[in-house]
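Structure first, then comments.
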Amino acid sequence: MELQMRSHPWESTGAGSVAQWPLALKLAVRALLDSPLPMALAWGAGCTQFFNDACLPLMADRHPRPLGSDARDSWRALVPDIDRIVACVTRGAPAEGDGLVLDIDRAGYIETCRFDDIYSPVYNDAGVPQGVLVTFVDTAQERERILSSERAARAEAERHNKMKDEFLAMLAHELRNPLAPITSAAQLLRLPEVSEGLRLKASNIISRQVRHMTELVDDLLDVSRVTRGLVKLENEVLDLNKVAIAAVEQARPHIEERGHTLSVDLPPQAVPVEGDRTRLIQVLVNLLNNSAKYTPPGGRIGLTVSVAADATGGAATAAVRDNGSGIDAGLLPHVFDLFTQADRTPDRSQGGLGIGLALVKSIVRMHNGQVAAYSDGPQRGTTMTVTLPLADAEVGQVIRSGEGSSETRPLNVTIVDDNLDAGQSLAVLLRAHGHVVQVHEDAGSTLDGADAATQVFILDIGLPDMTGYELARRLRRKPAHEKAVFVALTGYGQQRDRELSQQAGFDYHLVKPVEIGKLTQILASVA
């Protein structure tokens with residue numbers, strides 16, 4: 001139809017020569033020709049007709065020369081009130097017909113089809129309705145398209161529900177695993193005669209398993225924050241080589257524990273990329289740990305950084321390759337989806353929650369990059385790549401704050417936690433650092449008996465008689481505590497929880513179980 005339109009003598013029609021067509025008519029004709037749906041256009045007072053290829057089967061023999069003719073003459077037999085509809089639409093009111101039933105020749109077969117006919121105004125350059133655009137929708141095809149879409153959506157929802165069920169079962173298993181050694185170690189410590197060696201061994205077991213549980217919970221919170229866009233990147237121009245080296249340092253213990261051979265291939269020149277150093281290291285550590293997890297002991301893992309320059313500035317790629325268990329073709333398209341994980345061996349030796357790669361994908365997208373996975377199939381290894389745009393700047397010096405000194409002058413600290421064991425155990429640790437510590441179990445006793453000399457309040461948020469937020473507000477109103485430092489210590493670590501803490505007057509927000517190093521740094525800054 002576009003070829004026919006180009007050769008058509010438009011100057012003999014109501015539309016006039018093409019050179020005189022207004023922009024609105026040119027745009028409408030272009031949209032009509034590009035549409036996969038049957039469409040026709042009636043333009044001007046004479047309803048000059050245009051239509052596309054998809055509309056040809058509907059035109060049939062309704063007019064000896066339909067292109068450029070009066071559209072009303074072509075359609076009056078099928079749409080008796082076409083004159084009323086055109087008059088209505090050219091006043092700016094869209095309309096729908098009563099539907100058309102047409103016998104259509106499709107691939108040599110005559111098929112009776114039903115169409116919805118929809119009429120829309122087309123405005124000229126002055127904003128006045130001057131044309132009528134008709135769209136014909138095959139109701140059978142549209143119904144099948146909708147049903148097909150619904151079936152696909154239902155299948156996808158069922159797949160995600162199954163993945164969530166499997167994930168919850170796996171999460172329960174992973175969280176129960178550390179509880180067994182913790183319980184055994186706690187029972188060992190209760191025995192009347194425990195040697196110093198056994199006591200130290202039990203303490204180390206509890207510390208390791210609590211750290212493992214904390215990592216699992218942190219991973220869950222982290223993937224939630226990142227996938228919902230609640231993480232703010234602290235971007236700078238980084239050398240991807242140095243990011244790779246830092247990631248190798250973090251992942252090396254896990255790789256060596258499995259007896260793998262690790263090779264690292266970096267270009268001699270700096271590879272500048274813009275990003276958050278901590279998050280990019282996290283990405284590569286997750287990929288290296290994933291390879292170590294799914295590669296049999298004694299396998300090979302390689303990390304390669306490469307650069308491909310082009311006219312747009314180029315890109316840097318970090319690739320992690322292994323000769324491990326590989327990825328099944330059916331799983332490969334979903335390997336970066338949340339809750340997706342390959343089948344585990346009977347001993348469940350791989351561990352983890354199957355959210356690491358989803359986290360990788362989200363972080364890389366936040367850096368305007370791409371991730372991809374390649375595998376020739378089970379037992380044939382895997383290659384995972386992270387591609388980031390090269391930064392159009394030189395690598396700047398990374399200024400990192402120091403760790404802070406753990407030696408501080410003694411402070412007066414008040415801990416408020418309705419879990420007495422949690423409060424007392426934290427008090428023991430702080431007293432070991434030389435601080436004077438009071439412990440309260442509720443807000444009421446704190447308001448009545450808090451030491452006036454308290455310099456730091458460490459408050460749980462979920463207290464029985466009032467929230468930690470309200471307690472902090474009331475304590476700050478007391479002249480004796482108006483200059484004290486308030487630290488929220490809670491199991492709630494989402495961004496919204498941190499905002500609520502800040503609004504309530506807390507200076508710091510820590511998530512349970514507390515990292516004593518972070519708390520020590522806070523106390524050092526107060527001292």
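Every chain in the structure tokens takes a letter, A first, then B, and so on in the order presented; its residues are numbered from 1, and the ligands are numbered from 1 following the presented order.
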
So that I can check the secondary structure, give me every residue of range 109-350 of chain A assigned strand (DSSP E) by backbone DSSP, as a CSV table (one decimal) with N, CA, C and O atoms, in the first residue's frame.
chain,number,residue,atom,x,y,z
A,109,TYR,N,-8.7,-19.9,2.0
A,109,TYR,CA,-9.9,-20.4,2.7
A,109,TYR,C,-10.8,-19.2,3.1
A,109,TYR,O,-10.3,-18.2,3.7
A,110,ILE,N,-12.1,-19.3,2.9
A,110,ILE,CA,-13.0,-18.3,3.3
A,110,ILE,C,-13.4,-18.5,4.7
A,110,ILE,O,-13.8,-19.6,5.1
A,111,GLU,N,-13.1,-17.5,5.5
A,111,GLU,CA,-13.4,-17.6,7.0
A,111,GLU,C,-14.3,-16.4,7.4
A,111,GLU,O,-14.1,-15.3,7.0
A,112,THR,N,-15.3,-16.7,8.1
A,112,THR,CA,-16.2,-15.7,8.6
A,112,THR,C,-15.6,-15.1,9.9
A,112,THR,O,-15.4,-15.8,10.9
A,113,CYS,N,-15.4,-13.8,9.9
A,113,CYS,CA,-14.7,-13.2,11.0
A,113,CYS,C,-15.5,-12.0,11.5
A,113,CYS,O,-16.3,-11.4,10.8
A,114,ARG,N,-15.4,-11.8,12.8
A,114,ARG,CA,-16.1,-10.7,13.5
A,114,ARG,C,-15.1,-9.6,13.9
A,114,ARG,O,-14.0,-10.0,14.5
A,115,PHE,N,-15.4,-8.4,13.6
A,115,PHE,CA,-14.5,-7.3,13.9
A,115,PHE,C,-15.2,-6.2,14.7
A,115,PHE,O,-16.4,-6.0,14.5
A,116,ASP,N,-14.5,-5.7,15.7
A,116,ASP,CA,-15.0,-4.5,16.4
A,116,ASP,C,-14.4,-3.3,15.6
A,116,ASP,O,-13.2,-3.3,15.3
A,117,ASP,N,-15.2,-2.3,15.2
A,117,ASP,CA,-14.7,-1.2,14.5
A,117,ASP,C,-14.8,0.1,15.4
A,117,ASP,O,-15.8,0.4,16.0
A,118,ILE,N,-13.6,0.7,15.5
A,118,ILE,CA,-13.4,1.8,16.5
A,118,ILE,C,-13.0,3.0,15.7
A,118,ILE,O,-12.1,2.9,14.9
A,119,TYR,N,-13.7,4.1,15.9
A,119,TYR,CA,-13.5,5.3,15.2
A,119,TYR,C,-12.9,6.4,16.1
A,119,TYR,O,-13.5,6.7,17.1
A,120,SER,N,-11.8,7.0,15.7
A,120,SER,CA,-11.1,8.0,16.5
A,120,SER,C,-10.8,9.3,15.7
A,120,SER,O,-10.5,9.2,14.5
A,121,PRO,N,-11.0,10.5,16.3
A,121,PRO,CA,-10.7,11.7,15.6
A,121,PRO,C,-9.2,11.9,15.3
A,121,PRO,O,-8.4,11.5,16.1
A,122,VAL,N,-8.9,12.5,14.2
A,122,VAL,CA,-7.5,12.9,13.9
A,122,VAL,C,-7.5,14.4,13.7
A,122,VAL,O,-8.3,15.0,12.9
A,123,TYR,N,-6.7,15.1,14.5
A,123,TYR,CA,-6.7,16.6,14.5
A,123,TYR,C,-5.7,17.1,13.5
A,123,TYR,O,-4.6,16.6,13.3
A,129,PRO,N,-10.5,18.7,14.7
A,129,PRO,CA,-10.7,17.4,14.1
A,129,PRO,C,-10.9,17.5,12.6
A,129,PRO,O,-11.8,18.3,12.1
A,130,GLN,N,-10.1,16.8,11.8
A,130,GLN,CA,-10.3,16.9,10.3
A,130,GLN,C,-10.3,15.5,9.7
A,130,GLN,O,-10.5,15.4,8.5
A,131,GLY,N,-10.1,14.4,10.5
A,131,GLY,CA,-10.0,13.1,9.9
A,131,GLY,C,-10.6,12.1,10.9
A,131,GLY,O,-10.8,12.4,12.1
A,132,VAL,N,-10.9,10.9,10.3
A,132,VAL,CA,-11.5,9.8,11.1
A,132,VAL,C,-10.6,8.6,10.9
A,132,VAL,O,-10.4,8.2,9.7
A,133,LEU,N,-10.0,8.1,12.0
A,133,LEU,CA,-9.1,6.9,11.9
A,133,LEU,C,-10.0,5.7,12.4
A,133,LEU,O,-10.5,5.7,13.5
A,134,VAL,N,-10.1,4.7,11.5
A,134,VAL,CA,-10.9,3.5,11.8
A,134,VAL,C,-9.9,2.3,12.1
A,134,VAL,O,-9.1,2.0,11.2
A,135,THR,N,-10.1,1.7,13.2
A,135,THR,CA,-9.3,0.5,13.6
A,135,THR,C,-10.2,-0.7,13.7
A,135,THR,O,-11.3,-0.6,14.3
A,136,PHE,N,-9.9,-1.8,13.0
A,136,PHE,CA,-10.7,-3.0,13.0
A,136,PHE,C,-9.9,-4.1,13.8
A,136,PHE,O,-8.8,-4.4,13.5
A,137,VAL,N,-10.6,-4.6,14.9
A,137,VAL,CA,-10.0,-5.6,15.7
A,137,VAL,C,-10.7,-6.9,15.6
A,137,VAL,O,-11.9,-7.0,15.8
A,138,ASP,N,-10.0,-7.9,15.1
A,138,ASP,CA,-10.5,-9.2,15.0
A,138,ASP,C,-10.8,-9.8,16.3
A,138,ASP,O,-9.9,-10.1,17.1
A,235,ASN,N,29.0,6.2,44.3
A,235,ASN,CA,29.8,5.9,43.1
A,235,ASN,C,31.1,6.8,43.1
A,235,ASN,O,31.1,7.9,43.6
A,236,GLU,N,32.1,6.2,42.5
A,236,GLU,CA,33.3,6.9,42.2
A,236,GLU,C,33.9,6.1,41.0
A,236,GLU,O,33.5,5.1,40.6
A,237,VAL,N,35.0,6.7,40.4
A,237,VAL,CA,35.7,6.0,39.3
A,237,VAL,C,36.7,5.1,39.9
A,237,VAL,O,37.6,5.4,40.6
A,238,LEU,N,36.5,3.8,39.6
A,238,LEU,CA,37.3,2.7,40.2
A,238,LEU,C,38.1,2.0,39.1
A,238,LEU,O,37.7,2.0,37.9
A,239,ASP,N,39.1,1.3,39.5
A,239,ASP,CA,39.9,0.4,38.7
A,239,ASP,C,39.3,-1.0,38.9
A,239,ASP,O,39.4,-1.6,40.0
A,261,THR,N,41.7,-24.7,42.2
A,261,THR,CA,42.8,-23.9,41.7
A,261,THR,C,42.2,-22.7,41.1
A,261,THR,O,41.3,-22.7,40.2
A,262,LEU,N,42.7,-21.5,41.5
A,262,LEU,CA,42.2,-20.2,41.1
A,262,LEU,C,43.2,-19.5,40.2
A,262,LEU,O,44.4,-19.4,40.6
A,263,SER,N,42.8,-19.1,39.0
A,263,SER,CA,43.7,-18.3,38.2
A,263,SER,C,43.0,-16.9,37.9
A,263,SER,O,41.8,-16.8,37.8
A,264,VAL,N,43.9,-15.9,37.9
A,264,VAL,CA,43.4,-14.5,37.7
A,264,VAL,C,44.1,-13.9,36.6
A,264,VAL,O,45.4,-13.8,36.6
A,265,ASP,N,43.4,-13.4,35.6
A,265,ASP,CA,44.0,-12.7,34.4
A,265,ASP,C,43.5,-11.3,34.3
A,265,ASP,O,42.3,-11.1,34.0
A,272,PRO,N,39.0,1.7,34.1
A,272,PRO,CA,38.1,2.6,34.8
A,272,PRO,C,36.6,2.4,34.6
A,272,PRO,O,36.1,2.3,33.5
A,273,VAL,N,35.9,2.1,35.7
A,273,VAL,CA,34.5,2.0,35.7
A,273,VAL,C,33.9,2.9,36.8
A,273,VAL,O,34.6,3.1,37.8
A,274,GLU,N,32.7,3.3,36.6
A,274,GLU,CA,32.0,4.1,37.7
A,274,GLU,C,31.1,3.2,38.5
A,274,GLU,O,30.3,2.5,37.9
A,275,GLY,N,31.3,3.2,39.8
A,275,GLY,CA,30.4,2.4,40.6
A,275,GLY,C,30.7,2.5,42.1
A,275,GLY,O,31.6,3.2,42.5
A,276,ASP,N,30.0,1.7,42.8
A,276,ASP,CA,30.1,1.6,44.3
A,276,ASP,C,31.1,0.5,44.5
A,276,ASP,O,30.8,-0.7,44.2
A,300,ARG,N,38.7,-26.2,38.8
A,300,ARG,CA,39.5,-25.0,38.3
A,300,ARG,C,38.5,-23.8,38.2
A,300,ARG,O,37.4,-24.0,37.6
A,301,ILE,N,38.9,-22.6,38.7
A,301,ILE,CA,38.1,-21.4,38.6
A,301,ILE,C,39.0,-20.3,38.1
A,301,ILE,O,40.2,-20.2,38.5
A,302,GLY,N,38.5,-19.5,37.1
A,302,GLY,CA,39.3,-18.5,36.6
A,302,GLY,C,38.5,-17.2,36.6
A,302,GLY,O,37.3,-17.1,36.3
A,303,LEU,N,39.2,-16.1,36.9
A,303,LEU,CA,38.6,-14.7,36.9
A,303,LEU,C,39.4,-13.9,35.9
A,303,LEU,O,40.6,-13.8,36.0
A,304,THR,N,38.7,-13.4,34.9
A,304,THR,CA,39.3,-12.6,33.8
A,304,THR,C,38.7,-11.3,33.7
A,304,THR,O,37.4,-11.2,33.7
A,305,VAL,N,39.5,-10.2,33.6
A,305,VAL,CA,39.0,-8.9,33.3
A,305,VAL,C,39.5,-8.5,31.9
A,305,VAL,O,40.7,-8.6,31.6
A,306,SER,N,38.6,-8.0,31.0
A,306,SER,CA,38.9,-7.6,29.7
A,306,SER,C,38.2,-6.3,29.3
A,306,SER,O,37.3,-5.9,30.0
A,307,VAL,N,38.8,-5.6,28.3
A,307,VAL,CA,38.2,-4.4,27.8
A,307,VAL,C,37.9,-4.4,26.3
A,307,VAL,O,38.8,-5.0,25.6
A,308,ALA,N,36.8,-3.9,25.9
A,308,ALA,CA,36.4,-3.8,24.5
A,308,ALA,C,36.0,-2.4,24.2
A,308,ALA,O,35.0,-1.9,24.7
A,315,ALA,N,33.4,-1.0,26.9
A,315,ALA,CA,32.9,-1.7,28.1
A,315,ALA,C,33.9,-2.6,28.7
A,315,ALA,O,34.9,-3.0,28.0
A,316,ALA,N,33.8,-2.8,29.9
A,316,ALA,CA,34.7,-3.7,30.7
A,316,ALA,C,33.9,-4.9,31.1
A,316,ALA,O,32.8,-4.8,31.5
A,317,THR,N,34.6,-6.1,31.0
A,317,THR,CA,33.9,-7.4,31.3
A,317,THR,C,34.7,-8.1,32.3
A,317,THR,O,35.9,-8.3,32.1
A,318,ALA,N,34.1,-8.6,33.4
A,318,ALA,CA,34.7,-9.5,34.3
A,318,ALA,C,34.0,-10.8,34.2
A,318,ALA,O,32.8,-10.9,34.3
A,319,ALA,N,34.7,-11.9,33.9
A,319,ALA,CA,34.2,-13.2,33.6
A,319,ALA,C,34.7,-14.2,34.6
A,319,ALA,O,35.9,-14.2,34.9
A,320,VAL,N,33.8,-15.0,35.2
A,320,VAL,CA,34.2,-16.0,36.1
A,320,VAL,C,33.9,-17.4,35.5
A,320,VAL,O,32.7,-17.6,35.2
A,321,ARG,N,34.9,-18.2,35.3
A,321,ARG,CA,34.7,-19.5,34.6
A,321,ARG,C,35.1,-20.6,35.5
A,321,ARG,O,36.0,-20.5,36.4
A,322,ASP,N,34.4,-21.7,35.4
A,322,ASP,CA,34.7,-22.9,36.2
A,322,ASP,C,34.4,-24.2,35.4
A,322,ASP,O,33.8,-24.1,34.3

Test item, alpha helix (DSSP H) assignment across range 7-181 of chain A, answer as a ChimeraX atom specification: /A:7,23-34,56-59,71-75,82-89,139-181

Residues as selected, C-alpha atoms, written as a CSV table (one decimal), in the first residue's frame, can you do that?
chain,number,residue,atom,x,y,z
A,7,SER,CA,2.3,6.5,-7.2
A,23,LEU,CA,2.0,17.4,9.1
A,24,ALA,CA,-1.0,15.9,10.9
A,25,LEU,CA,-2.0,14.0,7.7
A,26,LYS,CA,1.5,12.8,7.1
A,27,LEU,CA,1.9,11.4,10.6
A,28,ALA,CA,-1.5,9.7,10.5
A,29,VAL,CA,-0.7,8.0,7.2
A,30,ARG,CA,2.7,6.9,8.6
A,31,ALA,CA,1.1,5.4,11.7
A,32,LEU,CA,-1.5,3.7,9.6
A,33,LEU,CA,1.1,2.1,7.3
A,34,ASP,CA,3.2,0.9,10.3
A,56,LEU,CA,-6.9,-5.1,2.1
A,57,PRO,CA,-8.8,-8.3,2.9
A,58,LEU,CA,-11.6,-6.2,4.4
A,59,MET,CA,-11.8,-3.9,1.3
A,71,ALA,CA,-14.5,6.4,2.5
A,72,ARG,CA,-18.2,6.5,3.2
A,73,ASP,CA,-18.9,5.0,-0.2
A,74,SER,CA,-16.7,2.0,0.6
A,75,TRP,CA,-18.2,1.3,4.0
A,82,ILE,CA,-21.4,5.6,8.7
A,83,ASP,CA,-22.4,9.2,7.9
A,84,ARG,CA,-23.6,9.8,11.5
A,85,ILE,CA,-20.5,8.2,12.9
A,86,VAL,CA,-18.2,10.4,10.7
A,87,ALA,CA,-20.1,13.5,11.7
A,88,CYS,CA,-19.9,12.6,15.3
A,89,VAL,CA,-16.1,11.8,15.3
A,139,THR,CA,-12.4,-10.3,18.1
A,140,ALA,CA,-11.5,-14.0,17.7
A,141,GLN,CA,-7.8,-13.3,17.3
A,142,GLU,CA,-7.9,-10.7,20.1
A,143,ARG,CA,-9.7,-13.2,22.4
A,144,GLU,CA,-7.1,-15.8,21.6
A,145,ARG,CA,-4.3,-13.4,22.2
A,146,ILE,CA,-5.8,-12.5,25.6
A,147,LEU,CA,-6.3,-16.1,26.5
A,148,SER,CA,-2.8,-17.0,25.5
A,149,SER,CA,-1.5,-14.1,27.5
A,150,GLU,CA,-3.5,-15.2,30.6
A,151,ARG,CA,-2.3,-18.8,30.2
A,152,ALA,CA,1.3,-17.6,30.0
A,153,ALA,CA,0.8,-15.3,33.1
A,154,ARG,CA,-0.8,-18.2,35.0
A,155,ALA,CA,2.0,-20.6,34.2
A,156,GLU,CA,4.6,-18.0,35.2
A,157,ALA,CA,2.7,-17.3,38.5
A,158,GLU,CA,2.6,-21.0,39.2
A,159,ARG,CA,6.3,-21.3,38.5
A,160,HIS,CA,7.0,-18.4,40.9
A,161,ASN,CA,4.8,-19.9,43.6
A,162,LYS,CA,6.5,-23.2,43.3
A,163,MET,CA,9.9,-21.5,43.5
A,164,LYS,CA,8.8,-19.6,46.7
A,165,ASP,CA,7.5,-22.8,48.3
A,166,GLU,CA,10.8,-24.5,47.6
A,167,PHE,CA,12.7,-21.4,48.9
A,168,LEU,CA,10.8,-21.3,52.1
A,169,ALA,CA,11.5,-25.0,52.7
A,170,MET,CA,15.1,-24.4,52.0
A,171,LEU,CA,15.2,-21.3,54.2
A,172,ALA,CA,13.8,-23.3,57.1
A,173,HIS,CA,16.4,-26.0,56.6
A,174,GLU,CA,19.2,-23.5,56.4
A,175,LEU,CA,18.1,-21.7,59.5
A,176,ARG,CA,17.7,-24.9,61.5
A,177,ASN,CA,21.1,-26.2,60.6
A,178,PRO,CA,23.1,-23.8,62.8
A,179,LEU,CA,20.6,-24.3,65.7
A,180,ALA,CA,21.8,-27.9,66.3
A,181,PRO,CA,25.5,-27.1,67.1

Who sits within 9 Å of range 490-503 of chain A, only C-alpha atoms, same chain under 3 positions skipped, as a list of chain:residue names: A:Leu221, A:Ser224, A:Arg225, A:Leu230, A:Val231, A:Leu459, A:Asp460, A:Ile461, A:Gly462, A:Gly468, A:Tyr469, A:Val487, A:Phe506, A:Asp507, A:Tyr508, A:His509, A:Leu510, A:Val511, A:Lys512, A:Pro513, A:Val514

Output N, CA and C atoms for every residue in the selection just made, as a compact mmCIF listing (two decimals), in the first residue's frame.
# COMPACT_ATOMS: atom_id res chain seq x y z
N LEU A 221 17.74 -9.62 53.73
CA LEU A 221 17.45 -8.19 53.82
C LEU A 221 18.11 -7.43 52.69
N SER A 224 16.29 -7.88 49.42
CA SER A 224 15.03 -7.13 49.49
C SER A 224 15.28 -5.65 49.24
N ARG A 225 16.29 -5.08 49.89
CA ARG A 225 16.57 -3.65 49.70
C ARG A 225 16.99 -3.34 48.28
N LEU A 230 16.01 0.38 47.17
CA LEU A 230 16.19 1.16 48.40
C LEU A 230 17.65 1.39 48.74
N VAL A 231 18.56 0.90 47.89
CA VAL A 231 20.00 1.06 48.16
C VAL A 231 20.53 2.23 47.35
N LEU A 459 19.00 1.31 72.90
CA LEU A 459 17.60 0.98 73.11
C LEU A 459 17.09 -0.01 72.07
N ASP A 460 16.41 -1.05 72.57
CA ASP A 460 15.63 -1.91 71.69
C ASP A 460 14.39 -1.13 71.24
N ILE A 461 13.87 -1.46 70.07
CA ILE A 461 12.68 -0.74 69.57
C ILE A 461 11.40 -1.41 70.06
N GLY A 462 11.36 -2.73 70.05
CA GLY A 462 10.13 -3.45 70.42
C GLY A 462 10.05 -3.73 71.90
N GLY A 468 10.68 1.86 71.43
CA GLY A 468 11.96 2.53 71.65
C GLY A 468 11.98 3.93 71.08
N TYR A 469 11.19 4.16 70.02
CA TYR A 469 11.12 5.51 69.44
C TYR A 469 10.58 6.50 70.47
N VAL A 487 21.46 5.07 70.51
CA VAL A 487 21.72 4.01 69.54
C VAL A 487 20.53 3.07 69.52
N PHE A 506 17.32 9.17 67.20
CA PHE A 506 18.46 8.28 67.36
C PHE A 506 19.63 8.77 66.51
N ASP A 507 20.82 8.62 67.07
CA ASP A 507 22.03 9.01 66.33
C ASP A 507 22.55 7.87 65.45
N TYR A 508 22.29 6.62 65.87
CA TYR A 508 22.78 5.46 65.14
C TYR A 508 21.69 4.39 65.13
N HIS A 509 21.74 3.51 64.11
CA HIS A 509 20.78 2.41 63.99
C HIS A 509 21.58 1.13 63.72
N LEU A 510 21.57 0.20 64.66
CA LEU A 510 22.28 -1.06 64.51
C LEU A 510 21.27 -2.20 64.48
N VAL A 511 21.60 -3.24 63.73
CA VAL A 511 20.71 -4.39 63.58
C VAL A 511 21.26 -5.57 64.37
N LYS A 512 20.35 -6.26 65.07
CA LYS A 512 20.74 -7.44 65.85
C LYS A 512 21.09 -8.60 64.93
N PRO A 513 22.01 -9.48 65.33
CA PRO A 513 22.92 -9.35 66.46
C PRO A 513 23.98 -8.30 66.16
N VAL A 514 24.27 -7.49 67.17
CA VAL A 514 25.16 -6.36 66.96
C VAL A 514 26.59 -6.83 66.67

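Taking CA of Arg477 in chain A and CA of Gln521 in chain A as endpoints, the distance between them is 26.3 Å.
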
Atomic distance CA of Glu257 in chain A - CA of Gly299 in chain A, expressed in Å with one decimal: 11.6 Å
